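One structure is given below, encoded as structure tokens.
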Amino acid sequence: MNNPNMKIITQTSRLIIREFKPEEEHLFLDIDGDDQLTKYIPKRTVQESKQVFAKTLGEYTNTSGLGRWGIFNHEDTDFIGVCFLKPSEYDQNRIELGYRFHVKYWGSGMATELAKAVVAYGFDQVKLQEINAVTHPDNAASQRVLSKVGFKYYSDVFWYNEMVPLFKINKAEKNSDLAGITY
């Protein structure tokens with residue numbers, strides 16, 4: 001995985017969170033096209049997904065430390081999903097965590113592991129003071145992940161034509177078990 005054209009953002013014992021390579025567009029399109037994975041978020045057309053992927057690659061040249069990245073299995077480099085830490089679409093002043101995993105990785109604890117790693121990265125490397133996340137009201141699994149990481153319900157916000165719960169975690173309140181994550 002030591003490709004000079006691929007920046008690793010953070011990693012855990014099971015996960016590598018890194019920039020996508022241009023030739024990995026098919027991975028992004030595949031996960032964007034899975035109806036089960038887009039149940040709680042707006043569905044994109046293939047063309048919209050291609051535009052988001054191109055924009056994602058272009059954003060890797062910025063120095064903010066924010067972006068959208070691929071999640072890969074540390075053991076066998078299998079593509080697990082997509083995550084991001086970027087300005088929110090509902091409020092550009094809020095930095096938002098988001099993620100999607102292929103179904104075969106659901107229930108494995110990897111979403112909590114990912115969220116902990118990306119939150120630690122956001123606080124320690126990007127120097128954020130607060131990170132937000134929204135979930136669909138029916139997405140109890142994602143809400144449990146956020147709770148385990150230390151996010152707390154804040155309020156409801158208008159997101160893609162509906163009210164959804166907004167969760168926040170502040171740097172001063174982060175869980176001590178976020179320590180020890182490597183970058």
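Identifiers in this document derive from the order of the structure tokens: chains are assigned A, B, ..., residues are numbered from 1 separately in each chain, and ligands are numbered from 1 in order of occurrence.
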
Task: Test item: residues at most 10 Å from range 56-71 of chain A, only C-alpha atoms, excluding those fewer than 2 positions along its chain, as a PyMOL selection string - done: chain A and resi 6-11+15-22+24-25+27-28+50-54+73-74+77-87+95-101+114+121-122+125-127

Open item on the list: Among chain A, which ones does DSSP assign to strand (DSSP E or B) (computed from the backbone)? Answer as a ChimeraX atom specification.
Closed with: /A:8-11,15-18,67-73,79-87,95-101,130-134,152-159,162-170,182

TODO: Find the residues near Phe167 in chain A: any atom within 9 Å, counting only C-alpha atoms, skip ones fewer than 5 places away on the same chain, and give them as a PyMOL selection string.
DONE: chain A and resi 131-135+143+146-147+151-156

Include N, CA and C atoms and write out the residues we just selected as a compact mmCIF listing (two decimals), in the first residue's frame.
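Here's the written file result25.txt:
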```txt
# COMPACT_ATOMS: atom_id res chain seq x y z
N ILE A 131 -16.88 18.36 15.75
CA ILE A 131 -17.24 17.57 14.57
C ILE A 131 -18.72 17.22 14.70
N ASN A 132 -19.43 17.32 13.58
CA ASN A 132 -20.86 17.05 13.53
C ASN A 132 -21.14 15.82 12.69
N ALA A 133 -22.31 15.26 12.87
CA ALA A 133 -22.77 14.14 12.04
C ALA A 133 -24.29 14.19 12.03
N VAL A 134 -24.88 13.83 10.90
CA VAL A 134 -26.33 13.69 10.80
C VAL A 134 -26.63 12.26 10.39
N THR A 135 -27.79 11.79 10.83
CA THR A 135 -28.25 10.47 10.42
C THR A 135 -29.72 10.56 10.08
N GLN A 143 -26.66 5.81 14.61
CA GLN A 143 -26.79 6.59 15.84
C GLN A 143 -26.07 5.91 17.00
N LEU A 146 -22.32 6.61 16.60
CA LEU A 146 -21.98 7.96 17.04
C LEU A 146 -21.96 8.06 18.56
N SER A 147 -22.92 7.45 19.21
CA SER A 147 -22.99 7.47 20.67
C SER A 147 -21.76 6.79 21.29
N PHE A 151 -20.38 11.17 20.45
CA PHE A 151 -21.27 12.18 19.90
C PHE A 151 -22.52 12.26 20.76
N LYS A 152 -23.05 13.47 20.86
CA LYS A 152 -24.30 13.67 21.59
C LYS A 152 -25.31 14.36 20.68
N TYR A 153 -26.58 13.97 20.84
CA TYR A 153 -27.64 14.61 20.07
C TYR A 153 -27.66 16.10 20.41
N TYR A 154 -27.78 16.93 19.38
CA TYR A 154 -27.80 18.37 19.58
C TYR A 154 -29.16 18.98 19.24
N SER A 155 -29.63 18.71 18.04
CA SER A 155 -30.92 19.25 17.59
C SER A 155 -31.29 18.56 16.29
N ASP A 156 -32.40 18.92 15.73
CA ASP A 156 -32.75 18.46 14.39
C ASP A 156 -32.39 19.55 13.39
```
